[in-house]
Structure formats: C-alpha cells, structure tokens
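J.: I'm passing along structure35.txt; it holds compact mmCIF, C-alpha atoms.
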```txt
# COMPACT_ATOMS: atom_id res chain seq x y z
CA MET N 1 0.00 0.00 0.00
CA LEU N 2 1.02 3.59 -0.59
CA HIS N 3 2.38 5.49 2.39
CA VAL N 4 2.84 9.25 2.18
CA PRO N 5 3.60 11.80 4.87
CA THR N 6 0.83 14.19 5.84
CA THR N 7 3.12 17.10 4.87
CA SER N 8 2.83 16.26 1.18
CA HIS N 9 0.66 18.10 -1.30
CA PHE N 10 -0.15 16.90 -4.77
CA ALA N 11 -3.09 17.53 -7.03
CA VAL N 12 -3.95 17.78 -10.66
CA VAL N 13 -5.89 20.90 -11.50
CA HIS N 14 -7.57 21.34 -14.88
CA THR N 15 -9.69 24.37 -14.02
CA THR N 16 -11.28 26.81 -16.42
CA THR N 17 -13.15 29.30 -14.31
CA ARG N 18 -14.35 32.85 -13.92
CA SER N 19 -14.00 34.29 -10.44
CA LEU N 20 -15.78 37.22 -8.89
CA ASN N 21 -12.59 38.06 -6.96
CA PRO N 22 -9.32 38.92 -8.74
CA ASN N 23 -7.24 37.59 -5.83
CA LEU N 24 -8.52 34.06 -6.29
CA VAL N 25 -5.87 31.70 -7.60
CA LEU N 26 -7.12 30.06 -10.79
CA THR N 27 -5.08 27.41 -12.56
CA THR N 28 -5.30 25.77 -15.94
CA ASN N 29 -3.90 22.36 -16.88
CA ARG N 30 -0.93 22.21 -14.58
CA VAL N 31 0.40 19.91 -11.93
CA GLU N 32 0.98 21.45 -8.51
CA THR N 33 3.55 19.80 -6.23
CA SER N 34 4.91 20.73 -2.87
CA LEU N 35 6.83 17.80 -1.41
CA PHE N 36 8.54 18.40 1.87
CA THR N 37 10.82 15.41 1.50
CA LYS N 38 14.07 14.60 -0.25
CA ASP N 39 13.14 10.96 -0.81
CA SER N 40 13.06 10.69 -4.60
CA SER N 41 11.50 7.20 -4.55
CA LEU N 42 8.61 8.54 -2.45
CA THR N 43 8.25 11.47 -4.84
CA ASN N 44 8.02 9.08 -7.77
CA THR N 45 5.40 7.00 -5.97
CA ILE N 46 3.28 10.09 -5.36
CA LEU N 47 3.69 11.36 -8.90
CA ASN N 48 2.60 7.96 -10.21
CA MET N 49 -0.54 7.40 -8.15
CA LYS N 50 -2.35 4.69 -10.11
CA LEU N 51 -5.97 3.99 -10.91
CA SER N 52 -5.43 0.36 -9.91
CA GLN N 53 -4.77 1.45 -6.33
CA PHE N 54 -8.50 2.22 -6.05
CA LYS N 55 -9.60 -1.25 -7.03
CA PHE N 56 -11.65 -3.40 -4.69
CA LYS N 57 -14.21 -6.13 -5.22
CA LEU N 58 -17.74 -4.79 -4.74
CA PRO N 59 -20.50 -7.42 -5.05
CA GLU N 60 -23.61 -6.08 -6.77
CA GLU N 61 -25.74 -6.90 -3.75
CA LYS N 62 -23.73 -4.38 -1.69
CA ILE N 63 -25.03 -1.51 -3.85
CA ALA N 64 -28.19 -0.11 -2.29
CA GLN N 65 -31.15 -0.11 -4.66
CA TYR N 66 -33.27 1.98 -2.31
CA PRO N 67 -32.54 4.46 0.48
CA ALA N 68 -33.28 3.78 4.14
CA PRO N 69 -37.02 4.07 4.94
CA HIS N 70 -36.29 7.44 6.52
CA ARG N 71 -33.49 9.68 5.26
CA ASP N 72 -31.66 9.98 8.56
CA GLU N 73 -31.82 6.30 9.51
CA SER N 74 -28.86 5.00 7.51
CA ARG N 75 -25.80 3.54 9.19
CA MET N 76 -22.70 5.69 9.59
CA MET N 77 -19.09 4.65 9.90
CA VAL N 78 -16.81 7.19 11.57
CA LEU N 79 -13.14 7.28 10.55
CA HIS N 80 -10.78 9.18 12.85
CA ARG N 81 -8.04 10.14 10.44
CA GLN N 82 -5.47 11.05 13.11
CA THR N 83 -5.53 7.57 14.65
CA GLY N 84 -7.22 5.41 12.02
CA ASP N 85 -9.81 4.31 14.60
CA ILE N 86 -13.23 3.32 13.29
CA GLU N 87 -16.64 3.53 14.95
CA HIS N 88 -19.93 2.00 13.79
CA LEU N 89 -22.87 4.29 14.52
CA MET N 90 -26.10 5.58 12.99
CA PHE N 91 -26.31 8.74 10.93
CA LYS N 92 -28.46 10.37 13.62
CA ASP N 93 -25.36 10.32 15.85
CA ILE N 94 -23.52 12.82 13.65
CA LEU N 95 -24.27 15.79 15.91
CA THR N 96 -22.31 14.27 18.78
CA PHE N 97 -19.09 15.14 16.93
CA PHE N 98 -19.78 18.85 16.51
CA ASP N 99 -20.45 21.92 18.62
CA GLU N 100 -22.21 25.27 18.51
CA LYS N 101 -20.90 27.58 15.78
CA ASP N 102 -19.39 24.75 13.76
CA VAL N 103 -20.50 25.01 10.11
CA PHE N 104 -22.03 22.36 7.87
CA VAL N 105 -21.57 23.26 4.19
CA PHE N 106 -24.16 21.80 1.80
CA ASN N 107 -24.53 21.68 -1.97
CA ASP N 108 -27.98 23.07 -2.81
CA THR N 109 -28.03 22.04 -6.46
CA LYS N 110 -31.35 20.64 -7.65
CA VAL N 111 -31.68 17.53 -9.82
CA PHE N 112 -34.05 17.74 -12.77
CA PRO N 113 -35.75 14.71 -14.44
CA ALA N 114 -33.02 14.31 -17.03
CA ARG N 115 -33.76 10.88 -18.51
CA LEU N 116 -36.53 10.59 -21.06
CA TYR N 117 -37.44 8.35 -23.96
CA GLY N 118 -38.48 9.26 -27.46
CA ASN N 119 -39.16 7.56 -30.76
CA LYS N 120 -37.22 8.09 -33.94
CA GLU N 121 -39.18 9.34 -36.95
CA LYS N 122 -40.20 6.75 -39.56
CA THR N 123 -38.74 3.70 -37.76
CA GLY N 124 -40.28 4.36 -34.35
CA ALA N 125 -37.12 3.05 -32.66
CA ARG N 126 -37.06 3.77 -28.92
CA ILE N 127 -34.23 6.17 -28.03
CA GLU N 128 -33.05 7.18 -24.57
CA VAL N 129 -32.28 10.89 -24.35
CA PHE N 130 -30.35 12.09 -21.33
CA LEU N 131 -30.58 15.85 -20.88
CA LEU N 132 -27.30 17.41 -19.77
CA ARG N 133 -27.93 21.15 -19.90
CA GLU N 134 -29.89 23.80 -21.71
CA LEU N 135 -27.71 25.73 -24.15
CA ASN N 136 -30.14 28.39 -25.33
CA GLN N 137 -33.57 29.18 -23.89
CA GLU N 138 -34.85 31.14 -26.86
CA LEU N 139 -33.86 28.51 -29.43
CA ARG N 140 -34.62 25.63 -27.05
CA LEU N 141 -31.23 24.03 -27.65
CA TRP N 142 -30.08 21.24 -25.32
CA ASP N 143 -26.87 19.30 -24.90
CA VAL N 144 -27.87 15.62 -24.56
CA LEU N 145 -26.64 12.05 -24.70
CA VAL N 146 -28.51 9.53 -26.83
CA ASP N 147 -28.61 5.73 -26.71
CA PRO N 148 -28.25 3.90 -29.03
CA ALA N 149 -26.19 6.68 -30.62
CA ARG N 150 -25.47 4.90 -33.90
CA LYS N 151 -29.09 5.33 -34.94
CA ILE N 152 -29.20 9.09 -34.42
CA ARG N 153 -27.76 11.41 -37.05
CA ILE N 154 -27.97 15.11 -37.81
CA GLY N 155 -31.36 15.93 -39.27
CA ASN N 156 -33.20 13.11 -37.52
CA LYS N 157 -36.31 13.97 -35.53
CA LEU N 158 -37.38 12.46 -32.24
CA TYR N 159 -40.93 12.43 -30.89
CA PHE N 160 -41.78 12.49 -27.18
CA GLY N 161 -44.99 11.78 -25.27
CA GLU N 162 -47.89 9.51 -26.03
CA ASP N 163 -49.34 12.15 -28.34
CA ASN N 164 -45.94 13.20 -29.79
CA SER N 165 -46.54 16.61 -28.26
CA ILE N 166 -42.83 17.46 -28.18
CA VAL N 167 -40.55 17.09 -31.18
CA ALA N 168 -36.78 17.53 -31.28
CA GLU N 169 -34.42 17.79 -34.23
CA VAL N 170 -30.77 16.69 -34.08
CA ILE N 171 -28.64 19.63 -35.26
CA ASP N 172 -25.12 18.59 -34.19
CA ASN N 173 -22.92 15.71 -33.07
CA THR N 174 -20.78 16.66 -30.07
CA THR N 175 -19.22 13.36 -28.93
CA SER N 176 -19.74 9.69 -29.77
CA ARG N 177 -23.00 9.75 -27.81
CA GLY N 178 -23.45 13.48 -27.52
CA ARG N 179 -25.91 15.45 -29.64
CA THR N 180 -27.38 18.95 -29.72
CA LEU N 181 -31.15 18.91 -29.96
CA ARG N 182 -33.47 21.75 -30.94
CA PHE N 183 -36.89 21.22 -29.45
CA LEU N 184 -39.84 22.31 -31.58
CA TYR N 185 -42.58 23.48 -29.25
CA ASP N 186 -45.31 26.10 -29.44
CA GLY N 187 -45.56 27.90 -26.12
CA ASP N 188 -43.48 29.97 -23.74
CA HIS N 189 -40.30 28.70 -22.10
CA ASP N 190 -41.82 27.89 -18.71
CA GLU N 191 -44.59 25.89 -20.33
CA PHE N 192 -42.05 24.05 -22.48
CA LYS N 193 -39.84 23.13 -19.50
CA LYS N 194 -42.86 21.93 -17.53
CA SER N 195 -44.01 19.74 -20.44
CA LEU N 196 -40.50 18.41 -21.06
CA TYR N 197 -39.85 17.55 -17.41
CA ALA N 198 -43.24 15.85 -17.15
CA LEU N 199 -41.92 13.31 -19.65
CA GLY N 200 -38.66 12.73 -17.76
CA GLU N 201 -37.70 10.46 -14.91
CA ALA N 202 -35.24 10.71 -12.03
CA PRO N 203 -31.75 10.07 -13.44
CA ILE N 204 -30.65 7.42 -10.95
CA PRO N 205 -27.40 5.75 -12.07
CA ARG N 206 -27.69 2.51 -14.02
CA PHE N 207 -25.38 0.70 -11.60
CA VAL N 208 -28.09 0.95 -8.93
CA GLY N 209 -29.56 -2.03 -10.75
CA ARG N 210 -33.20 -1.10 -11.25
CA GLU N 211 -35.42 1.15 -13.31
CA SER N 212 -36.39 4.58 -12.08
CA GLU N 213 -39.68 4.88 -10.19
CA PRO N 214 -41.88 7.97 -9.74
CA GLU N 215 -40.89 8.06 -6.05
CA ASP N 216 -37.27 8.57 -7.07
CA LEU N 217 -38.04 12.17 -8.03
CA GLU N 218 -38.25 12.77 -4.27
CA ARG N 219 -35.77 10.11 -3.09
CA PHE N 220 -32.98 11.35 -5.38
CA GLN N 221 -33.30 14.98 -4.26
CA CYS N 222 -31.88 16.70 -1.18
CA ILE N 223 -34.55 18.37 0.92
CA PHE N 224 -32.63 21.67 0.74
CA ALA N 225 -32.21 21.52 -3.06
CA LYS N 226 -32.82 24.97 -4.52
CA ASN N 227 -30.89 25.77 -7.71
CA GLU N 228 -31.77 23.59 -10.66
CA GLY N 229 -28.99 22.22 -12.83
CA ALA N 230 -27.78 18.79 -11.64
CA VAL N 231 -28.22 15.46 -13.39
CA THR N 232 -27.25 13.53 -10.28
CA ALA N 233 -27.72 14.28 -6.60
CA PRO N 234 -24.95 15.30 -4.20
CA THR N 235 -25.51 12.04 -2.40
CA ALA N 236 -24.10 12.84 1.05
CA GLY N 237 -26.85 15.43 1.40
CA LEU N 238 -29.55 12.80 0.88
CA HIS N 239 -29.13 11.63 4.49
CA PHE N 240 -30.46 14.89 5.92
CA SER N 241 -34.13 14.97 6.89
CA ARG N 242 -36.09 18.04 7.89
CA GLU N 243 -35.89 16.81 11.46
CA MET N 244 -32.10 16.58 11.24
CA MET N 245 -31.85 20.09 9.80
CA LYS N 246 -33.94 21.31 12.73
CA ARG N 247 -31.64 19.51 15.19
CA LEU N 248 -28.66 21.28 13.60
CA GLU N 249 -30.42 24.59 14.16
CA ILE N 250 -31.32 23.78 17.77
CA LYS N 251 -27.74 22.81 18.58
CA GLY N 252 -26.51 26.11 17.15
CA ILE N 253 -24.61 24.61 14.23
CA ASP N 254 -24.49 27.05 11.35
CA MET N 255 -25.25 26.14 7.74
CA ALA N 256 -23.76 27.44 4.52
CA PHE N 257 -24.58 26.54 0.93
CA VAL N 258 -22.59 26.29 -2.27
CA THR N 259 -24.03 25.34 -5.65
CA LEU N 260 -22.17 22.84 -7.80
CA HIS N 261 -24.28 21.30 -10.55
CA CYS N 262 -23.28 17.63 -10.42
CA GLY N 263 -22.75 16.14 -13.86
CA LEU N 264 -22.40 12.62 -15.19
CA GLY N 265 -18.65 12.89 -14.65
CA CYS N 266 -19.33 11.82 -11.07
CA PHE N 267 -19.98 8.31 -12.35
CA ARG N 268 -17.92 8.26 -15.54
CA ASN N 269 -15.19 5.65 -15.74
CA THR N 270 -11.61 6.79 -15.24
CA ASP N 271 -9.79 5.31 -18.22
CA VAL N 272 -6.15 6.20 -17.54
CA GLU N 273 -3.86 4.34 -15.14
CA ASP N 274 -1.76 7.44 -14.45
CA LEU N 275 -4.13 9.70 -12.55
CA THR N 276 -2.16 12.84 -13.40
CA LYS N 277 -3.48 12.40 -16.94
CA HIS N 278 -7.15 12.17 -15.99
CA LYS N 279 -9.37 15.15 -16.79
CA MET N 280 -12.61 15.75 -14.96
CA ASP N 281 -15.71 17.00 -16.75
CA SER N 282 -16.35 20.68 -16.15
CA GLU N 283 -19.19 21.50 -13.78
CA GLN N 284 -20.78 24.86 -13.09
CA MET N 285 -20.49 26.18 -9.56
CA PHE N 286 -21.35 29.22 -7.48
CA VAL N 287 -20.05 30.37 -4.10
CA ASN N 288 -21.84 33.49 -2.88
CA GLU N 289 -20.90 36.20 -0.41
CA GLU N 290 -23.04 34.77 2.41
CA CYS N 291 -21.33 31.39 2.20
CA CYS N 292 -17.90 33.07 2.24
CA ARG N 293 -18.82 35.14 5.28
CA ILE N 294 -20.12 32.18 7.29
CA VAL N 295 -17.22 29.86 6.46
CA ASN N 296 -14.43 32.41 6.81
CA GLN N 297 -15.75 33.75 10.12
CA ALA N 298 -15.98 30.22 11.54
CA LYS N 299 -12.41 29.49 10.41
CA ASP N 300 -11.18 32.73 11.98
CA GLU N 301 -12.87 31.82 15.29
CA GLY N 302 -11.51 28.27 15.33
CA HIS N 303 -14.73 26.42 14.63
CA LYS N 304 -14.98 23.29 12.48
CA ILE N 305 -16.03 23.33 8.82
CA VAL N 306 -17.84 20.15 7.75
CA ALA N 307 -18.04 19.43 4.02
CA ILE N 308 -21.21 17.50 3.21
CA GLY N 309 -20.00 15.49 0.24
CA THR N 310 -17.25 15.43 -2.35
CA THR N 311 -18.83 18.19 -4.44
CA VAL N 312 -18.67 20.56 -1.48
CA GLN N 313 -15.02 19.67 -0.97
CA ARG N 314 -14.26 20.48 -4.60
CA ALA N 315 -16.19 23.75 -4.44
CA LEU N 316 -14.44 24.88 -1.25
CA GLU N 317 -10.99 24.02 -2.59
CA ALA N 318 -11.68 25.60 -5.99
CA SER N 319 -12.79 28.85 -4.33
CA CYS N 320 -9.97 28.96 -1.77
CA SER N 321 -7.41 31.72 -2.28
CA THR N 322 -3.78 31.98 -1.23
CA ASP N 323 -4.76 33.42 2.17
CA MET N 324 -6.70 30.20 2.92
CA ARG N 325 -10.06 31.98 2.78
CA ILE N 326 -12.81 31.17 0.32
CA LYS N 327 -13.83 33.86 -2.14
CA GLU N 328 -16.96 34.50 -4.17
CA PHE N 329 -16.94 32.34 -7.25
CA GLU N 330 -19.04 31.97 -10.37
CA GLY N 331 -17.82 29.78 -13.18
CA TRP N 332 -16.85 26.28 -14.19
CA THR N 333 -14.40 23.91 -12.59
CA ASN N 334 -12.96 20.50 -13.37
CA LYS N 335 -10.69 20.37 -10.34
CA PHE N 336 -9.55 16.80 -9.73
CA ILE N 337 -8.39 15.86 -6.24
CA PHE N 338 -6.71 12.60 -5.34
CA PRO N 339 -4.24 11.59 -2.63
CA PRO N 340 -2.12 12.99 -1.26
CA TYR N 341 -3.64 16.47 -1.10
CA ASP N 342 -3.63 19.16 1.58
CA PHE N 343 -7.16 20.43 2.15
CA HIS N 344 -7.33 24.08 3.13
CA VAL N 345 -10.91 24.57 4.33
CA ALA N 346 -12.81 21.56 5.69
CA ASP N 347 -11.99 19.94 9.04
CA ALA N 348 -14.43 17.05 8.60
CA MET N 349 -16.31 15.44 5.74
CA LEU N 350 -19.42 13.34 5.23
CA ALA N 351 -19.52 11.04 2.21
CA ASN N 352 -21.25 7.93 0.94
CA PHE N 353 -19.42 4.70 0.20
CA HIS N 354 -18.43 5.06 -3.43
CA LEU N 355 -17.63 2.60 -6.19
CA PRO N 356 -14.20 1.22 -7.15
CA TYR N 357 -12.06 3.41 -9.42
CA SER N 358 -14.37 6.41 -8.95
CA THR N 359 -13.08 9.97 -8.61
CA LEU N 360 -15.42 10.25 -5.61
CA LEU N 361 -13.48 7.50 -3.84
CA MET N 362 -10.20 9.18 -4.79
CA LEU N 363 -11.22 12.48 -3.21
CA THR N 364 -12.48 10.68 -0.10
CA ALA N 365 -9.14 8.90 0.19
CA ALA N 366 -7.32 12.19 -0.22
CA PHE N 367 -9.16 13.58 2.81
CA GLY N 368 -9.14 10.47 4.99
CA GLY N 369 -5.70 9.26 3.97
CA TYR N 370 -5.25 6.57 1.34
CA GLU N 371 -4.39 3.62 3.59
CA GLN N 372 -6.97 4.49 6.24
CA THR N 373 -9.77 5.06 3.73
CA MET N 374 -9.15 1.83 1.86
CA HIS N 375 -9.05 -0.01 5.20
CA ALA N 376 -12.36 1.63 6.14
CA TYR N 377 -13.86 0.44 2.84
CA ASP N 378 -12.63 -3.09 3.53
CA GLU N 379 -14.26 -2.91 6.94
CA ALA N 380 -17.48 -1.56 5.38
CA LEU N 381 -17.66 -4.59 3.11
CA LYS N 382 -17.12 -6.96 6.03
CA GLN N 383 -19.77 -5.18 8.11
CA ASP N 384 -22.36 -5.12 5.29
CA TYR N 385 -22.53 -1.38 4.79
CA ARG N 386 -24.55 -0.28 1.77
CA PHE N 387 -22.71 1.37 -1.11
CA GLY N 388 -23.74 3.90 -3.76
CA PRO N 389 -26.03 6.96 -3.87
CA PHE N 390 -28.72 5.32 -1.70
CA GLY N 391 -26.22 3.70 0.66
CA ASP N 392 -24.77 4.39 4.09
CA ALA N 393 -22.59 7.26 5.28
CA LEU N 394 -18.91 7.69 6.11
CA LEU N 395 -17.96 10.53 8.45
CA ILE N 396 -14.27 11.49 8.48
CA VAL N 397 -13.07 13.53 11.44
CA ASP N 398 -9.71 14.29 13.01
```
Take the structure in the file and give it back as structure tokens.

T.:
Amino acid sequence: MLHVPTTSHFAVVHTTTRSLNPNLVLTTNRVETSLFTKDSSLTNTILNMKLSQFKFKLPEEKIAQYPAPHRDESRMMVLHRQTGDIEHLMFKDILTFFDEKDVFVFNDTKVFPARLYGNKEKTGARIEVFLLRELNQELRLWDVLVDPARKIRIGNKLYFGEDNSIVAEVIDNTTSRGRTLRFLYDGDHDEFKKSLYALGEAPIPRFVGRESEPEDLERFQCIFAKNEGAVTAPTAGLHFSREMMKRLEIKGIDMAFVTLHCGLGCFRNTDVEDLTKHKMDSEQMFVNEECCRIVNQAKDEGHKIVAIGTTVQRALEASCSTDMRIKEFEGWTNKFIFPPYDFHVADAMLANFHLPYSTLLMLTAAFGGYEQTMHAYDEALKQDYRFGPFGDALLIVD
C-alpha cells in the first residue's frame, strides 16, 4: 500500500473558471507539487498514483437499490483520520461530533428529471435521451446524450410523449454519444420546460440495478435543493431529513450553501492508469458572499467546517485563495483531487461509500488518507454497509 507523509501536497488541477474576486488563484492544466521530502522514490510514488490502487471487489448486492425508509436512519461509519480508529454508529449520531458555531456546508443544487425516452421518426425506434444542460432558452437548444447513438444522425427527428406533443431535431454531433437537440414546441419557455420535465424520470445511475420509479423524483433529491442544474444528486446530502436540519439549528450549528451542478462525470469511468493524466468534466459552480462570510468567520474563530460530500469539498478548494479563505466564485471547474492532497478549508467530511475506481473515492481517500480510507472500505464490506447513492454514510473527522 502507498504510504505518504501528511506534509505532502499533490493535485492535478484542470480548471477553467471565472472568479468574482481577482485575488482568487485560478489554474489551468498544470500539476501542482509541494513535497517536503528529499526521498526521490517517495516522490516518484506520489507522482505515479495509479488507478489500480483504487480497485476493490464490490459485489452487486452491496449496492443499495433503495434508500433507508427514513433519510436519517442509515448507518454511519466514523473514521478518525489522526488515529485510524473506526466507529460503527447511525447517521443520527452525527451531531455528537460537533459543537455550537461549527459550520455544515451543503450543496444546494437541484436535480431535474433528465432521462426521457423518445421515438425516432419513420422507424419508431425507442431512443433514450439524457438531458445534460440547456444551451439556449430562446432557441430551445439542449446538450444531450442519446442511446443507441449509432441510430441518431444530424437531421433526424425524435418524438416524445404519447401524443408526440414534443418534437426535437438533431442539429449537431458533439461526442460519440453526444448530440445537440433543438426542441420544436409552441408555447413559452416555462410551459415548455414543464411539459418536457413531465416526460422525464429521475436520473438514478444505471449501476443501482433497477429502473427509475416515480418516487425517485423525491428520493434522489436533497430536501434543501434549490438551484436547478444537476443530473445527479450530491448524495451525502440525501441523508439529511427536515428533522435533522432542525436539530442542527437547535444545537446552534451554522449552515452554509454552495451550488455545484453535479454532472455525469461523477460516475464516468476513469480510463487512464496514471491519474495525473485524468481530466474531470467541467461542472458549473457558485459560491456566494453569504457562504464566504459564514465559512471564513468560523475558520477565523476556530470552529470546524464540515463538508457534506465530495462536491462541497471540490467547491471549497476551488474557491480557496492563497490566504486560505474562500472567495466568491461563479464559473466552471474540473478540479480533480486525489491523494495525497492538503485540504485548506474543511476539518471534517461526510460522504457515501463510493464505487471502485471512482473519482469520488479518490477524493475521499485524499481527505481520509489513502491507507486508512481503503481499510475503512474493507471494513465496510465486512460489516455489510450499503454502497452507492442510496447507501450508508462515512464521516471522516480528526
């Protein structure tokens, strides 16, 4: 197993962003290293962190197909990263680790019903269309993925709904599966979006192992979701019920919100063994003045910052400036974090148990320590923890 000192810092940053603050450090396609060691063999090991080091055997039955009956009733493993000690608790116990004026940072992105099915003109072939993002409201242009892609060419039309009430024309090929669609619809934009979303279903990942159900529109959405734009949920936030949010408030724990619209890159396969060569998909994110004020004040006063999920970790690190304070941010980021990495903002982190080879696992291991995190995952498998978006929680604390 890889062993690295906690004084090491390594990350690959491929960030193309627009910041609201000129003092924010923005980087593009470079490798940052700061190794406080003269051991060249250790340096080479760090610089050659491999995809295969995040391999483990995950039986399909360990992936949760459904969430716990109540959001806050999942199990929770606690990893103490200073000692490597592990505790087995319930998610409802999370508040015992934090005090008044500590800050929980959430991602308030909102998932929209991105998966829909249409029929190709003339042949009637059934085509899955996965909506990624709206490119132009006025022209009703959307960036989408289609399956099977080989059947869909520029100029083809797709019909949606039992009465074919919505029609889309393919106007561009963007990737092997990617297409740009122009929807043909008489009516204003709000009416169009309502009609389009009525045909869609919750975009739960295929590896969950079942078809989407109407109830998933609520299950696969955080209760504090506010800003529409995600095609997958920030899964650590799914554990929070309204009752739990109220308990946070009663205990005096502060809350702050970032917005990072989670894309399919969260679940896309990493196809390079040398992780320094992997590029994350760009995702849109926003960090507003209120969030900066709450987080920075808590840091100044010595209170804990708790990142609820990997997307929050990425947003906090992407918006952190050279003075170790977060700044207002509006733009796109494809920041990729894997071990070893020095985190500048969060003192604790809540995550789900993620799949082998995933960038979500890599970031979790960067925060918890590679050896300790992989040991925790091994323990989770032995103790029958549930993996995936609907699975159990992992809390990492000092």

J.: Between CA of Glu121 in chain N and CA of Asp163 in chain N, what is the distance, to one decimal in Å?

T.: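 Computing the Euclidean distance for CA of Glu121 in chain N and CA of Asp163 in chain N yields 13.6 Å.
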
J.: Can you tell me, as a list in words, which residues sit within 7 Å of (-20.7, 25.2, 17.2) in the file's frame, using only C-alpha atoms?

T.: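 Those residues lying close to the given coordinates are Phe98, Asp99, Glu100, Lys101, Asp102, Gly252, Ile253 and His303 of chain N.
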
J.: Within 7 Å of range 70-85 of chain N, counting all atoms listed in the file, which residues qualify if same-chain residues fewer than 3 places away don't, as a PDB file with C-alpha atoms, keeping the file's coordinate frame?

T.:
```
ATOM      1  CA  HIS N  88     -19.930   2.000  13.790  1.00  0.00           C
ATOM      2  CA  LEU N  89     -22.870   4.290  14.520  1.00  0.00           C
ATOM      3  CA  MET N  90     -26.100   5.580  12.990  1.00  0.00           C
ATOM      4  CA  PHE N  91     -26.310   8.740  10.930  1.00  0.00           C
ATOM      5  CA  LYS N  92     -28.460  10.370  13.620  1.00  0.00           C
ATOM      6  CA  LEU N 238     -29.550  12.800   0.880  1.00  0.00           C
ATOM      7  CA  HIS N 239     -29.130  11.630   4.490  1.00  0.00           C
ATOM      8  CA  PHE N 240     -30.460  14.890   5.920  1.00  0.00           C
ATOM      9  CA  SER N 241     -34.130  14.970   6.890  1.00  0.00           C
ATOM     10  CA  GLY N 368      -9.140  10.470   4.990  1.00  0.00           C
ATOM     11  CA  GLY N 369      -5.700   9.260   3.970  1.00  0.00           C
ATOM     12  CA  GLN N 372      -6.970   4.490   6.240  1.00  0.00           C
ATOM     13  CA  ASP N 392     -24.770   4.390   4.090  1.00  0.00           C
ATOM     14  CA  ALA N 393     -22.590   7.260   5.280  1.00  0.00           C
ATOM     15  CA  LEU N 394     -18.910   7.690   6.110  1.00  0.00           C
ATOM     16  CA  LEU N 395     -17.960  10.530   8.450  1.00  0.00           C
ATOM     17  CA  ILE N 396     -14.270  11.490   8.480  1.00  0.00           C
ATOM     18  CA  VAL N 397     -13.070  13.530  11.440  1.00  0.00           C
ATOM     19  CA  ASP N 398      -9.710  14.290  13.010  1.00  0.00           C
TER      20      ASP N 398
END
```

J.: Once you count all atoms listed in the file, which residues end up no further than 12 Å from (-8.5, 18.4, 1.2) in the file's frame, shown as an MDAnalysis selection string?

T.: chainID N and resid 6 8:11 305:307 309:318 320 335:349 362:369 396

J.: Can you tell me which residues surround Ile63 in chain N at a distance of at most 8 Å, considering all atoms listed in the file, apart from same-chain residues fewer than 2 positions away, and format the answer as a compact mmCIF listing (two decimals) with C-alpha atoms, in the frame of the given file?

T.:
```txt
# COMPACT_ATOMS: atom_id res chain seq x y z
CA PRO N 59 -20.50 -7.42 -5.05
CA GLU N 60 -23.61 -6.08 -6.77
CA GLU N 61 -25.74 -6.90 -3.75
CA GLN N 65 -31.15 -0.11 -4.66
CA VAL N 208 -28.09 0.95 -8.93
CA ARG N 386 -24.55 -0.28 1.77
CA PHE N 387 -22.71 1.37 -1.11
CA GLY N 388 -23.74 3.90 -3.76
CA GLY N 391 -26.22 3.70 0.66
```

J.: Could you check how far CA of Thr235 in chain N sits from CA of Ser52 in chain N, in Å to one decimal?

T.: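 Going from CA of Thr235 in chain N over to CA of Ser52 in chain N, I get 24.4 Å.
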
J.: Hey, which of N:Gly187, N:Gly263, N:Pro389, N:Pro203 ends up closest to Leu132 in chain N? Count all atoms listed in the file.

T.: N:Gly263

J.: Taking only C-alpha atoms into account, name the residue in N:Leu360, N:Val231, N:Val105, N:Leu260 that is nearest to Asn296 in chain N.

T.: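 When distances to Asn296 in chain N are compared using only C-alpha atoms, the smallest one comes from N:Val105.
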
J.: When you draw a straight line from CA of Arg177 in chain N to CA of Ile152 in chain N, how long is it in Å?

T.: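 A separation of 9.1 Å between them.
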
J.: So, with only C-alpha atoms as the atoms that count, which of N:Glu330, N:Thr259, N:Asp190, N:Pro234 lies closest to Ala351 in chain N?

T.: N:Pro234

J.: Given all atoms listed in the file as the basis, pick out the residue of N:Phe390, N:Trp142, N:Phe54, N:Phe160 nearest to Phe220 in chain N.

T.: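 Nearest to Phe220 in chain N: N:Phe390.
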
J.: Hey, what's within 9 Å of Met255 in chain N if we count only C-alpha atoms and toss same-chain stuff fewer than 6 positions away? As a count of residues only, please?

T.: 10

J.: Draw an axis-aligned box over all listed atoms of range 244-247 of chain N, pad each side with 8 Å, and write its centre and edge lengths in Å, one decimal, as lines of an AutoDock Vina configuration file.

T.:
```
center_x = -32.8
center_y = 18.9
center_z = 12.5
size_x = 18.3
size_y = 20.7
size_z = 21.4
```

J.: Go through N:Lys151, N:Lys50, N:Arg133, N:Lys327 one by one, measure the shortest atom-to-atom distance of each to Thr270 in chain N using all atoms listed in the file, and give the residue with the smallest value.

T.: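 The answer is N:Lys50, which sits nearest to Thr270 in chain N.
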
J.: Give me, as JSON lines, each residue of range 68-132 of chain N that comes within 9 Å of range 223-227 of chain N, together with its shortest interatomic pair and the distance in Å at one decimal, counting all atoms listed in the file, with rows ordered by chain and rising residue number.

T.:
```
{"residue": "N:Phe106", "atom": "CA", "partner": "N:Phe224", "partner_atom": "CA", "distance": 8.5}
{"residue": "N:Asn107", "atom": "CA", "partner": "N:Ala225", "partner_atom": "CA", "distance": 7.8}
{"residue": "N:Asp108", "atom": "CA", "partner": "N:Ala225", "partner_atom": "CA", "distance": 4.5}
{"residue": "N:Thr109", "atom": "CA", "partner": "N:Asn227", "partner_atom": "CA", "distance": 4.9}
{"residue": "N:Lys110", "atom": "CA", "partner": "N:Ala225", "partner_atom": "CA", "distance": 4.8}
{"residue": "N:Val111", "atom": "CA", "partner": "N:Ala225", "partner_atom": "CA", "distance": 7.9}
```

J.: Include C-alpha atoms and write out the residues we just selected as an mmCIF file, in the frame of the given file.

T.:
```cif
data_model
loop_
_atom_site.group_PDB
_atom_site.id
_atom_site.type_symbol
_atom_site.label_atom_id
_atom_site.label_comp_id
_atom_site.auth_asym_id
_atom_site.auth_seq_id
_atom_site.Cartn_x
_atom_site.Cartn_y
_atom_site.Cartn_z
ATOM 1 C CA PHE N 106 -24.160 21.800 1.800
ATOM 2 C CA ASN N 107 -24.530 21.680 -1.970
ATOM 3 C CA ASP N 108 -27.980 23.070 -2.810
ATOM 4 C CA THR N 109 -28.030 22.040 -6.460
ATOM 5 C CA LYS N 110 -31.350 20.640 -7.650
ATOM 6 C CA VAL N 111 -31.680 17.530 -9.820
#
```

J.: Which of these residues is nearest to Glu290 in chain N, using all atoms listed in the file: N:Asp93, N:Asp254, N:Glu379, N:Glu169?

T.: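 Using all atoms listed in the file, Glu290 in chain N sits closest to N:Asp254.
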